[in-house]
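Q: So I've got this file, run-v8.txt, and it contains compact mmCIF, C-alpha atoms:
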```txt
# COMPACT_ATOMS: atom_id res chain seq x y z
CA MET A 1 0.00 0.00 0.00
CA LYS A 2 2.85 2.38 0.90
CA LYS A 3 4.61 1.69 -2.42
CA GLN A 4 1.37 2.22 -4.33
CA PHE A 5 0.93 5.59 -2.64
CA ILE A 6 4.49 6.66 -3.49
CA TYR A 7 4.06 5.59 -7.11
CA SER A 8 0.80 7.53 -7.33
CA VAL A 9 2.47 10.67 -5.99
CA LEU A 10 5.36 10.31 -8.45
CA PHE A 11 2.92 9.77 -11.32
CA PHE A 12 1.03 12.99 -10.58
CA LEU A 13 4.28 14.93 -10.11
CA ILE A 14 5.55 13.75 -13.49
CA LEU A 15 2.18 14.44 -15.09
CA GLY A 16 2.08 17.93 -13.60
CA ASN A 17 5.61 18.72 -14.74
CA SER A 18 4.87 17.51 -18.26
CA PHE A 19 2.18 20.16 -18.53
CA ALA A 20 3.93 22.88 -16.54
CA GLN A 21 4.58 26.33 -17.90
CA GLN A 22 7.57 26.84 -20.17
CA THR A 23 10.69 27.85 -18.28
CA PRO A 24 11.02 31.67 -18.42
CA ALA A 25 13.45 32.87 -21.05
CA SER A 26 17.00 33.87 -20.14
CA LYS A 27 18.12 37.48 -20.08
CA GLN A 28 18.99 38.90 -23.49
CA THR A 29 22.74 38.60 -24.16
CA THR A 30 22.89 39.11 -27.94
CA ALA A 31 21.69 42.17 -29.85
CA ILE A 32 18.75 41.54 -32.20
CA ALA A 33 17.61 43.40 -35.31
CA ILE A 34 14.22 42.86 -36.97
CA GLU A 35 14.42 43.98 -40.57
CA GLY A 36 11.89 44.45 -43.37
CA ALA A 37 8.63 44.20 -41.43
CA THR A 38 5.77 46.69 -41.35
CA ALA A 39 6.16 48.21 -37.88
CA HIS A 40 3.07 49.36 -36.00
CA LEU A 41 4.55 51.57 -33.29
CA GLY A 42 1.43 51.66 -31.11
CA ASP A 43 0.98 55.44 -31.24
CA GLY A 44 -0.69 55.52 -34.65
CA THR A 45 2.57 55.54 -36.61
CA VAL A 46 3.32 52.85 -39.20
CA ILE A 47 6.74 52.28 -40.80
CA ASP A 48 6.94 50.16 -43.94
CA ASN A 49 10.17 48.22 -44.46
CA SER A 50 11.23 48.97 -40.90
CA LEU A 51 14.26 48.24 -38.79
CA ILE A 52 13.83 47.57 -35.08
CA MET A 53 16.94 46.93 -33.00
CA PHE A 54 17.23 46.07 -29.32
CA GLU A 55 19.99 45.13 -26.90
CA ASN A 56 20.10 44.31 -23.19
CA GLY A 57 16.31 44.31 -23.13
CA LYS A 58 15.91 47.85 -24.46
CA ILE A 59 15.02 49.19 -27.90
CA THR A 60 18.02 50.96 -29.44
CA PHE A 61 16.74 51.89 -32.90
CA VAL A 62 13.38 52.34 -34.63
CA GLY A 63 13.26 53.52 -38.22
CA SER A 64 13.51 52.62 -41.87
CA ALA A 65 15.55 49.63 -43.02
CA ASN A 66 16.97 51.93 -45.72
CA VAL A 67 18.97 53.82 -43.11
CA LYS A 68 22.65 52.93 -43.18
CA ILE A 69 23.33 51.64 -39.70
CA ALA A 70 25.26 48.60 -38.52
CA ARG A 71 23.09 45.60 -37.68
CA LYS A 72 24.50 44.03 -34.53
CA GLY A 73 23.99 40.47 -33.36
CA ASN A 74 21.19 38.35 -34.82
CA VAL A 75 19.25 39.75 -37.77
CA ILE A 76 15.68 38.50 -38.27
CA ASN A 77 14.40 38.84 -41.82
CA ALA A 78 10.75 39.79 -41.31
CA LYS A 79 9.95 40.96 -44.82
CA GLY A 80 6.20 40.66 -45.45
CA LYS A 81 5.45 40.37 -41.72
CA HIS A 82 4.33 42.85 -39.05
CA VAL A 83 5.91 44.01 -35.78
CA TYR A 84 3.78 45.19 -32.84
CA PRO A 85 4.34 46.28 -29.24
CA GLY A 86 3.21 43.65 -26.75
CA PHE A 87 -0.52 43.87 -26.08
CA ILE A 88 -1.68 44.90 -22.59
CA ALA A 89 -4.83 43.48 -20.98
CA ALA A 90 -6.34 45.87 -18.42
CA ASN A 91 -8.68 44.81 -15.59
CA THR A 92 -8.07 41.07 -15.73
CA THR A 93 -7.90 38.32 -13.09
CA LEU A 94 -5.29 36.27 -14.97
CA GLY A 95 -3.19 34.28 -12.54
CA LEU A 96 -5.77 34.62 -9.76
CA GLY A 97 -7.78 31.62 -10.91
CA GLU A 98 -7.27 28.53 -12.99
CA ILE A 99 -10.50 26.55 -13.30
CA ASP A 100 -13.77 28.41 -12.72
CA ALA A 101 -15.56 25.24 -11.65
CA VAL A 102 -12.95 24.44 -8.99
CA LYS A 103 -13.42 26.94 -6.17
CA ALA A 104 -10.10 26.08 -4.54
CA SER A 105 -8.24 27.34 -7.62
CA ILE A 106 -9.90 30.79 -7.52
CA ASP A 107 -8.21 33.50 -5.45
CA GLU A 108 -9.61 36.71 -6.92
CA ARG A 109 -11.53 38.10 -3.92
CA GLU A 110 -11.45 38.37 -0.15
CA ILE A 111 -14.26 38.43 2.39
CA GLY A 112 -15.45 41.82 3.57
CA THR A 113 -16.48 44.96 1.71
CA MET A 114 -13.67 47.47 2.36
CA ASN A 115 -10.38 45.87 1.33
CA PRO A 116 -7.99 48.55 0.03
CA HIS A 117 -5.16 46.72 1.80
CA ILE A 118 -5.68 43.49 -0.16
CA ARG A 119 -2.94 43.13 -2.81
CA SER A 120 -3.76 40.95 -5.79
CA ILE A 121 -0.11 40.51 -6.74
CA VAL A 122 0.76 38.22 -3.81
CA ALA A 123 -1.85 35.73 -5.07
CA TYR A 124 -0.66 35.92 -8.69
CA ASN A 125 0.41 32.56 -10.10
CA ALA A 126 3.16 33.19 -12.64
CA GLU A 127 3.02 29.51 -13.69
CA SER A 128 -0.67 29.56 -14.58
CA LYS A 129 -1.46 27.59 -17.74
CA VAL A 130 -4.05 30.22 -18.60
CA VAL A 131 -1.47 33.02 -18.39
CA GLU A 132 0.88 31.01 -20.60
CA SER A 133 -1.81 30.67 -23.28
CA MET A 134 -1.98 34.48 -23.75
CA ARG A 135 1.43 34.78 -25.38
CA PRO A 136 0.75 33.07 -28.74
CA ASN A 137 -1.79 35.85 -29.48
CA GLY A 138 0.58 38.68 -28.56
CA VAL A 139 -0.94 39.44 -25.15
CA LEU A 140 2.26 39.84 -23.15
CA MET A 141 1.22 42.02 -20.16
CA GLY A 142 -1.80 42.56 -17.94
CA GLN A 143 -3.23 44.47 -14.99
CA ILE A 144 -4.01 41.84 -12.36
CA THR A 145 -7.15 43.05 -10.62
CA PRO A 146 -9.07 41.80 -7.55
CA ARG A 147 -12.85 41.44 -7.52
CA GLY A 148 -15.67 41.70 -4.99
CA GLY A 149 -16.81 44.00 -2.21
CA ILE A 150 -17.11 47.78 -2.39
CA ILE A 151 -13.35 48.34 -2.36
CA SER A 152 -11.86 45.20 -3.90
CA GLY A 153 -8.18 45.86 -3.31
CA THR A 154 -5.06 46.83 -5.21
CA SER A 155 -4.03 45.78 -8.72
CA THR A 156 -0.54 45.30 -10.15
CA VAL A 157 0.71 45.31 -13.75
CA VAL A 158 2.79 42.26 -14.76
CA GLN A 159 4.52 40.76 -17.76
CA PHE A 160 3.71 37.17 -18.70
CA ASP A 161 7.09 35.42 -18.57
CA ALA A 162 8.34 35.06 -15.03
CA TRP A 163 9.34 32.61 -12.32
CA ASN A 164 7.23 34.29 -9.64
CA TRP A 165 5.21 37.43 -8.94
CA GLU A 166 8.29 39.41 -7.93
CA ASP A 167 9.89 38.76 -11.33
CA ALA A 168 6.61 39.41 -13.16
CA ALA A 169 5.79 42.82 -11.69
CA LEU A 170 6.11 45.87 -13.95
CA LYS A 171 4.29 48.29 -11.64
CA ILE A 172 3.35 47.12 -8.18
CA ASP A 173 0.11 48.42 -6.61
CA ASP A 174 -0.77 50.74 -9.49
CA GLY A 175 -4.29 51.46 -8.25
CA ILE A 176 -7.21 50.62 -5.98
CA HIS A 177 -10.45 49.23 -7.39
CA MET A 178 -13.93 50.24 -6.24
CA ASN A 179 -17.31 48.83 -7.24
CA TRP A 180 -19.70 51.79 -7.35
CA SER A 181 -23.26 51.21 -6.15
CA ASN A 182 -26.16 51.31 -8.65
CA SER A 183 -28.77 54.08 -8.38
CA ILE A 184 -31.33 51.69 -9.87
CA THR A 185 -32.40 48.38 -8.37
CA PHE A 186 -34.57 45.53 -9.61
CA GLY A 187 -37.08 43.45 -7.69
CA ARG A 188 -36.28 39.86 -6.79
CA TRP A 189 -38.62 38.06 -9.16
CA TRP A 190 -37.83 34.71 -7.52
CA ALA A 191 -39.20 36.12 -4.26
CA GLY A 192 -42.41 37.33 -5.91
CA GLU A 193 -41.31 40.98 -6.12
CA ASP A 194 -41.94 43.26 -9.08
CA PRO A 195 -38.86 42.69 -11.32
CA GLY A 196 -39.11 46.19 -12.81
CA ALA A 197 -36.51 48.91 -12.29
CA LYS A 198 -36.95 51.30 -9.38
CA ALA A 199 -34.86 53.87 -7.53
CA ASN A 200 -32.33 52.46 -5.10
CA ASN A 201 -33.23 54.30 -1.89
CA SER A 202 -29.96 53.31 -0.23
CA TYR A 203 -27.81 54.80 -3.02
CA PRO A 204 -27.26 58.25 -1.39
CA LYS A 205 -26.42 56.58 1.90
CA THR A 206 -23.85 54.35 0.20
CA ILE A 207 -22.04 57.38 -1.22
CA GLN A 208 -22.17 59.11 2.16
CA ASN A 209 -20.65 56.02 3.77
CA LEU A 210 -17.80 56.13 1.25
CA GLU A 211 -17.15 59.79 2.04
CA ASN A 212 -17.20 59.03 5.76
CA TYR A 213 -14.72 56.21 5.18
CA PHE A 214 -12.22 58.42 3.36
CA ASP A 215 -12.72 61.29 5.82
CA GLU A 216 -11.76 58.89 8.60
CA ALA A 217 -8.78 57.71 6.55
CA LYS A 218 -7.57 61.30 6.09
CA ASN A 219 -7.95 62.03 9.80
CA TYR A 220 -6.05 58.86 10.65
CA LEU A 221 -3.21 59.59 8.21
CA ASN A 222 -2.90 63.15 9.49
CA GLY A 223 -2.84 61.94 13.08
CA LYS A 224 -0.63 59.71 15.21
CA ARG A 225 -1.64 56.52 13.37
CA ASN A 226 -1.92 54.65 16.62
CA PRO A 227 -3.11 51.93 16.66
CA GLU A 228 -2.11 51.08 13.09
CA ASN A 229 -5.01 50.71 10.65
CA LEU A 230 -3.99 48.67 7.59
CA GLU A 231 -7.01 49.74 5.55
CA PHE A 232 -6.33 53.44 6.01
CA GLU A 233 -2.59 52.99 5.47
CA ALA A 234 -3.41 51.39 2.10
CA VAL A 235 -5.27 54.46 0.77
CA THR A 236 -2.26 56.73 1.28
CA GLY A 237 -1.41 56.39 -2.41
CA LEU A 238 -4.86 57.59 -3.45
CA LEU A 239 -4.65 60.67 -1.26
CA ASN A 240 -1.11 61.66 -2.32
CA GLY A 241 -1.73 60.95 -6.02
CA SER A 242 0.71 58.04 -6.44
CA LYS A 243 -2.13 55.58 -7.10
CA LYS A 244 -5.23 55.78 -9.26
CA LEU A 245 -8.79 54.98 -8.27
CA PHE A 246 -10.42 52.55 -10.71
CA VAL A 247 -14.19 52.85 -10.31
CA HIS A 248 -16.18 50.00 -11.87
CA THR A 249 -19.53 51.35 -13.01
CA ASN A 250 -21.67 51.76 -16.13
CA GLY A 251 -24.53 54.20 -15.52
CA GLU A 252 -24.67 57.88 -16.45
CA ARG A 253 -25.57 59.05 -12.95
CA GLU A 254 -23.08 56.71 -11.33
CA ILE A 255 -20.22 57.93 -13.53
CA THR A 256 -21.14 61.55 -12.80
CA ASP A 257 -21.26 60.93 -9.05
CA ALA A 258 -17.95 59.03 -9.17
CA ILE A 259 -16.28 62.03 -10.85
CA HIS A 260 -17.63 64.44 -8.20
CA PHE A 261 -16.51 62.02 -5.47
CA ALA A 262 -12.99 61.75 -6.93
CA ASN A 263 -12.74 65.54 -7.29
CA LYS A 264 -13.64 66.02 -3.64
CA TYR A 265 -10.55 64.05 -2.60
CA ASN A 266 -8.34 64.90 -5.61
CA PHE A 267 -8.18 61.27 -6.66
CA LYS A 268 -6.83 60.31 -10.07
CA LEU A 269 -9.89 58.56 -11.51
CA VAL A 270 -10.34 55.84 -14.14
CA ILE A 271 -13.78 54.55 -15.10
CA VAL A 272 -13.97 50.81 -15.74
CA GLY A 273 -16.97 49.59 -17.74
CA GLY A 274 -18.51 52.92 -18.71
CA ASP A 275 -21.37 51.75 -20.94
CA GLU A 276 -23.07 55.14 -20.59
CA ALA A 277 -19.86 57.17 -20.46
CA TYR A 278 -20.62 58.66 -23.87
CA LYS A 279 -23.60 60.46 -22.28
CA VAL A 280 -21.26 62.41 -19.99
CA ALA A 281 -18.30 62.59 -22.36
CA ASP A 282 -17.78 66.32 -21.90
CA LEU A 283 -17.52 65.88 -18.13
CA LEU A 284 -15.00 63.06 -18.56
CA VAL A 285 -12.87 65.11 -20.94
CA LYS A 286 -13.03 68.18 -18.68
CA ASN A 287 -11.76 66.14 -15.74
CA ASN A 288 -9.25 64.13 -17.82
CA VAL A 289 -10.85 60.81 -16.87
CA PRO A 290 -10.01 57.82 -19.13
CA VAL A 291 -12.30 54.82 -19.60
CA ILE A 292 -11.49 51.11 -19.72
CA ILE A 293 -14.36 49.58 -21.69
CA GLU A 294 -15.38 45.95 -21.70
CA ARG A 295 -14.72 43.48 -24.48
CA ALA A 296 -16.64 43.98 -27.71
CA HIS A 297 -17.96 40.42 -28.01
CA ARG A 298 -20.87 40.66 -25.58
CA ILE A 299 -24.56 41.36 -25.48
CA PRO A 300 -25.34 45.04 -24.69
CA ASN A 301 -26.23 45.60 -21.03
CA GLY A 302 -29.10 48.02 -21.72
CA ASP A 303 -32.54 46.67 -22.56
CA ASP A 304 -33.05 49.45 -25.11
CA SER A 305 -29.50 49.55 -26.47
CA ASP A 306 -28.80 49.12 -30.17
CA TYR A 307 -28.01 45.54 -31.09
CA ASP A 308 -24.50 46.59 -32.13
CA PHE A 309 -23.90 48.97 -29.22
CA SER A 310 -21.09 46.84 -27.79
CA TYR A 311 -19.24 47.08 -31.12
CA LYS A 312 -19.42 50.84 -31.49
CA LEU A 313 -18.95 52.03 -27.89
CA ALA A 314 -15.24 52.68 -28.45
CA LYS A 315 -15.98 55.02 -31.37
CA LEU A 316 -18.58 56.92 -29.36
CA LEU A 317 -15.98 57.66 -26.70
CA LEU A 318 -12.94 58.22 -28.91
CA ASP A 319 -14.85 60.70 -31.08
CA LYS A 320 -15.38 62.78 -27.94
CA GLY A 321 -11.66 62.85 -27.16
CA ILE A 322 -11.69 60.32 -24.29
CA THR A 323 -8.66 58.08 -23.75
CA VAL A 324 -9.97 54.53 -24.12
CA ALA A 325 -8.46 51.12 -23.34
CA ILE A 326 -9.96 47.63 -23.46
CA GLY A 327 -10.38 45.61 -20.27
CA MET A 328 -11.74 42.22 -19.31
CA ASP A 329 -14.75 41.29 -17.22
CA GLY A 330 -17.70 38.92 -17.28
CA ALA A 331 -18.04 35.17 -17.78
CA MET A 332 -14.84 33.25 -18.51
CA GLU A 333 -12.89 36.50 -18.72
CA ARG A 334 -9.56 34.84 -17.96
CA MET A 335 -9.89 32.40 -20.86
CA ASN A 336 -11.21 35.12 -23.17
CA THR A 337 -8.33 37.51 -22.48
CA ARG A 338 -6.39 35.82 -25.28
CA ASN A 339 -8.96 37.36 -27.66
CA LEU A 340 -7.96 40.90 -26.66
CA PRO A 341 -6.53 41.78 -30.13
CA PHE A 342 -9.71 40.55 -31.79
CA TYR A 343 -11.85 42.79 -29.58
CA ALA A 344 -9.76 45.70 -30.82
CA GLY A 345 -10.26 44.41 -34.35
CA THR A 346 -14.03 44.33 -33.86
CA TYR A 347 -14.03 47.92 -32.64
CA ALA A 348 -11.96 48.80 -35.72
CA ALA A 349 -14.56 47.16 -37.94
CA HIS A 350 -17.17 49.53 -36.50
CA GLY A 351 -15.77 52.92 -37.34
CA ILE A 352 -12.28 53.16 -35.85
CA ASP A 353 -9.02 53.29 -37.78
CA LYS A 354 -6.96 50.13 -37.23
CA GLU A 355 -4.03 52.01 -35.71
CA ILE A 356 -6.35 53.86 -33.31
CA ALA A 357 -7.87 50.53 -32.29
CA LEU A 358 -4.36 49.20 -31.73
CA LYS A 359 -3.68 52.06 -29.31
CA MET A 360 -6.49 50.80 -27.05
CA ILE A 361 -4.41 47.71 -26.22
CA THR A 362 -0.95 49.30 -26.38
CA SER A 363 -0.17 52.98 -25.77
CA ASN A 364 -3.55 53.95 -24.27
CA SER A 365 -3.46 51.01 -21.85
CA ALA A 366 0.13 51.81 -20.91
CA LYS A 367 -0.75 55.46 -20.27
CA ILE A 368 -3.78 54.64 -18.11
CA LEU A 369 -1.86 52.02 -16.10
CA GLY A 370 1.16 54.28 -15.64
CA ILE A 371 3.68 52.11 -17.50
CA ASP A 372 4.01 54.17 -20.69
CA ASP A 373 7.61 55.01 -19.78
CA LYS A 374 8.48 51.33 -20.24
CA VAL A 375 6.07 49.78 -22.75
CA GLY A 376 3.11 50.47 -25.02
CA THR A 377 5.00 51.80 -28.04
CA LEU A 378 8.04 50.84 -30.07
CA ARG A 379 10.35 53.70 -29.11
CA VAL A 380 14.05 53.96 -28.33
CA GLY A 381 14.75 53.45 -24.65
CA LYS A 382 11.64 51.42 -23.89
CA ASP A 383 11.52 47.71 -23.04
CA ALA A 384 11.90 45.41 -26.02
CA THR A 385 8.50 43.83 -25.37
CA LEU A 386 7.17 43.12 -28.84
CA PHE A 387 6.28 40.39 -31.31
CA ILE A 388 6.35 39.51 -35.01
CA SER A 389 3.11 38.42 -36.69
CA LYS A 390 2.73 36.93 -40.15
CA GLY A 391 -0.31 39.15 -40.76
CA ASP A 392 -2.69 41.65 -39.19
CA ALA A 393 -2.55 40.90 -35.46
CA LEU A 394 -6.04 42.35 -34.88
CA ASP A 395 -7.50 39.75 -37.25
CA MET A 396 -7.57 36.13 -36.12
CA ARG A 397 -6.69 35.06 -39.65
CA GLY A 398 -3.48 37.10 -39.59
CA ASN A 399 -2.56 36.82 -35.90
CA ILE A 400 0.06 34.11 -36.34
CA ILE A 401 2.99 34.91 -34.08
CA SER A 402 6.41 33.72 -35.21
CA GLU A 403 8.60 35.39 -32.55
CA ALA A 404 7.83 37.24 -29.33
CA PHE A 405 10.06 39.04 -26.84
CA ILE A 406 9.58 40.39 -23.33
CA GLN A 407 12.32 42.79 -22.23
CA GLY A 408 14.44 41.40 -25.06
CA ARG A 409 14.07 37.79 -23.93
CA LYS A 410 12.84 35.48 -26.68
CA LEU A 411 9.74 33.63 -25.51
CA SER A 412 8.62 30.11 -26.10
CA LEU A 413 5.20 30.21 -27.77
CA GLU A 414 4.52 26.61 -26.81
CA THR A 415 1.62 26.01 -24.37
CA HIS A 416 -0.36 23.04 -23.16
CA GLN A 417 -2.95 23.96 -25.79
CA THR A 418 -0.49 24.03 -28.70
CA ARG A 419 0.95 20.71 -27.55
CA LEU A 420 -2.49 19.13 -27.49
CA TRP A 421 -3.34 20.68 -30.86
CA LYS A 422 -0.21 19.17 -32.45
CA ARG A 423 -0.78 15.84 -30.76
CA TYR A 424 -4.31 15.38 -32.07
CA ALA A 425 -3.61 17.03 -35.43
CA ASN A 426 -1.00 14.34 -36.04
CA LYS A 427 -3.35 11.62 -34.82
CA TYR A 428 -6.01 12.41 -37.40
CA LYS A 429 -3.53 13.34 -40.14
CA ASN A 430 -2.10 9.85 -39.98
CA GLN A 431 -5.49 8.18 -40.19
CA LYS A 432 -6.74 7.10 -43.59
```
Once more with this new file: its structure as C-alpha cells, please.
A:
Amino acid sequence: MKKQFIYSVLFFLILGNSFAQQTPASKQTTAIAIEGATAHLGDGTVIDNSLIMFENGKITFVGSANVKIARKGNVINAKGKHVYPGFIAANTTLGLGEIDAVKASIDEREIGTMNPHIRSIVAYNAESKVVESMRPNGVLMGQITPRGGIISGTSTVVQFDAWNWEDAALKIDDGIHMNWSNSITFGRWWAGEDPGAKANNSYPKTIQNLENYFDEAKNYLNGKRNPENLEFEAVTGLLNGSKKLFVHTNGEREITDAIHFANKYNFKLVIVGGDEAYKVADLLVKNNVPVIIERAHRIPNGDDSDYDFSYKLAKLLLDKGITVAIGMDGAMERMNTRNLPFYAGTYAAHGIDKEIALKMITSNSAKILGIDDKVGTLRVGKDATLFISKGDALDMRGNIISEAFIQGRKLSLETHQTRLWKRYANKYKNQK
C-alpha cells in the first residue's frame, strides 16, 4: 500500500511537470535586429520596411531599413510580416484563478467589503497555464485586478514570462479598485417581487458612507496613526496621487457621481466599464478621466441599447476625445483575455481606424496604467517587449505569431494547448 501511494504521488508529479509552464526565457545577451517588417509603433505611426533593433532588453533603434546603420547580433528577416508592441490586458484576473468550476483554484476576492489593503499581486500565479496561453496571441502584459466588495483591493501590472510574482511585476500596486453602487435596483422576481426597475433608496447613503470612510482615513493619516489601521494605510497612495482609483460602473448618474466624489478628494480617476460614459463625455474630458471599456464580443447591457452597441462604444468615446483602453470582465474573462486583439479588431470594424484601435491595447493602456515610460509603443529606450506576426494581429486570420520578446528575452510560444493541438492534429492526419 505504501509503495502504491508513493508511485501515485510520483505519477502525478511527473504528469504535472509535463504540462507545466515553459521555463522563463533567459536574459537577453545578444543584440537583435528585426528587418523588413511593417512596424506598428502603437501610437498611430506605421513604418513600412522597418528596422527595429534592441539590446540588453531595451530598444536601441526604430526607423527605416533603408537607413545605413550597422546591424549588430542576430538579424531577423521579417519581410512581409508585421511588428507590434506587446498587447496589454487591463482589468483582468489572470493568474488569480485557474478553473472556474474548482473553487479552490480561484483567489480573486477576499471576504469583507472594504479591502484597500488586499494586494492581488501576492496571489498571482506566474506559472498559470491560462497566463501562458496568452502569449501566442501577442498578449504579453496585464493588470491583475481583484474582484468583490465595495473596495476590492489593489491591482498590479505584470509581464507574462516570469518565475514568480516578484519577477513578473512591472508596476506594483498601481491602483485601488472600487465597485460603485447602482442608483437603480430591480425586484427579486424569484421572491415574488416586481422585477421592474426602481430607484435604489440606499444609493445616497452608500455614497455618504464612502465619504465618511475616506474622511476617517484622512484624519487617521494626518494623526498619530496609533493603533495602526492597515485599511487606512493602504489608501495613502490615493490621497497623495501616487495611485489611481479605478471605479467600476456603467450608468450615467453613477459615472457623474464618481467624478464628483474623486474631485472632492483629488483622486486620479479611471472609469472601468462605462457603458453610458458617452452620455457624460464632456464631463470626462473636462476632468481628464479615461475609460477602460469591456470586451466587444458581448450582449449590450441596456434593454433598449442598439443591437450593435457593444461594437461601437469605443468610437462613441474616442470621437469625444476620451482616452480609451480595453479591459476584461464577465463570464470566462480569464480564458477570453487571449482574444484581446480581436476585440480591438471588432471595434476597428465599426468605425475606428486600425491604428487607433491598436492604441487601445498598447499605448492607451500603458498610459492609463502608468507604465508608458516602459512599454506600449516601439520607441528607443523602452523595453523590447514586442512580437512579429505573419499578418494583421487584430484579425484572427493574420494573428500568427512567429517570434515574441519580453524585455528582449525570446519567448517560447509553446503552451499546453499548442501541444495538445499538435498531438491530435498528427493523430487524425495519420489516419486514412
Q: With distances taken over only C-alpha atoms, which residue among A:Gly241, A:Gly274, A:Gly345, A:Gly36 lies nearest Asp48 (chain A)?
A: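 Closest candidate: A:Gly36.
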Q: For a quick check of understanding, using all atoms listed in the file, which of A:Leu420, A:Ala25, A:Val291, A:Met53 has the smallest distance to Asp161 (chain A)?
A: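 Residue with the minimum atom-to-atom distance to Asp161 (chain A): A:Ala25.
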Q: Hey, can you check how far CA of Gly148 (chain A) sits from CA of Thr256 (chain A)?
A: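 Atom-to-atom, CA of Gly148 (chain A) and CA of Thr256 (chain A) are spaced 22.0 Å apart.
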Q: For the atom pair CA of Val272 (chain A) and CA of Asn91 (chain A), what is the interatomic distance in Å to one decimal place?
A: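 Computing the Euclidean distance for CA of Val272 (chain A) and CA of Asn91 (chain A) yields 8.0 Å.
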Q: When distances are computed from all atoms listed in the file, which of A:Glu216, A:Glu98, A:Asp275, A:Glu132 shows the smallest separation from Thr418 (chain A)?
A: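 For Thr418 (chain A), the nearest of the given residues is A:Glu132.
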Q: To one decimal place, how far is CA of Ile352 (chain A) from CA of Lys315 (chain A) in Å?
A: 6.1 Å
Q: Residues near Asn201 (chain A), anyone? I mean within 10 Å using all atoms listed in the file, not counting same-chain ones fewer than 3 positions away, as a short mmCIF file (atom, residue, chain, number, x, y, z; two decimals) with C-alpha atoms, in the coordinates of the input.
A:
```
data_model
loop_
_atom_site.label_atom_id
_atom_site.label_comp_id
_atom_site.auth_asym_id
_atom_site.auth_seq_id
_atom_site.Cartn_x
_atom_site.Cartn_y
_atom_site.Cartn_z
CA SER A 183 -28.77 54.08 -8.38
CA ILE A 184 -31.33 51.69 -9.87
CA THR A 185 -32.40 48.38 -8.37
CA LYS A 198 -36.95 51.30 -9.38
CA PRO A 204 -27.26 58.25 -1.39
CA LYS A 205 -26.42 56.58 1.90
CA THR A 206 -23.85 54.35 0.20
#
```
Q: Rank A:Thr415, A:Ser155, A:Asn219, A:Gln143 by their smallest atom-to-atom distance to Arg119 (chain A), using all atoms listed in the file, and report the top residue only.
A: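 Counting all atoms listed in the file, the residue closest to Arg119 (chain A) is A:Ser155.
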Q: Which of these residues is nearest to Ile76 (chain A), using only C-alpha atoms: A:Ser402, A:Thr236, A:Asn125, A:Thr93?
A: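 Of A:Ser402, A:Thr236, A:Asn125, A:Thr93, the one nearest Ile76 (chain A), counting only C-alpha atoms, is A:Ser402.
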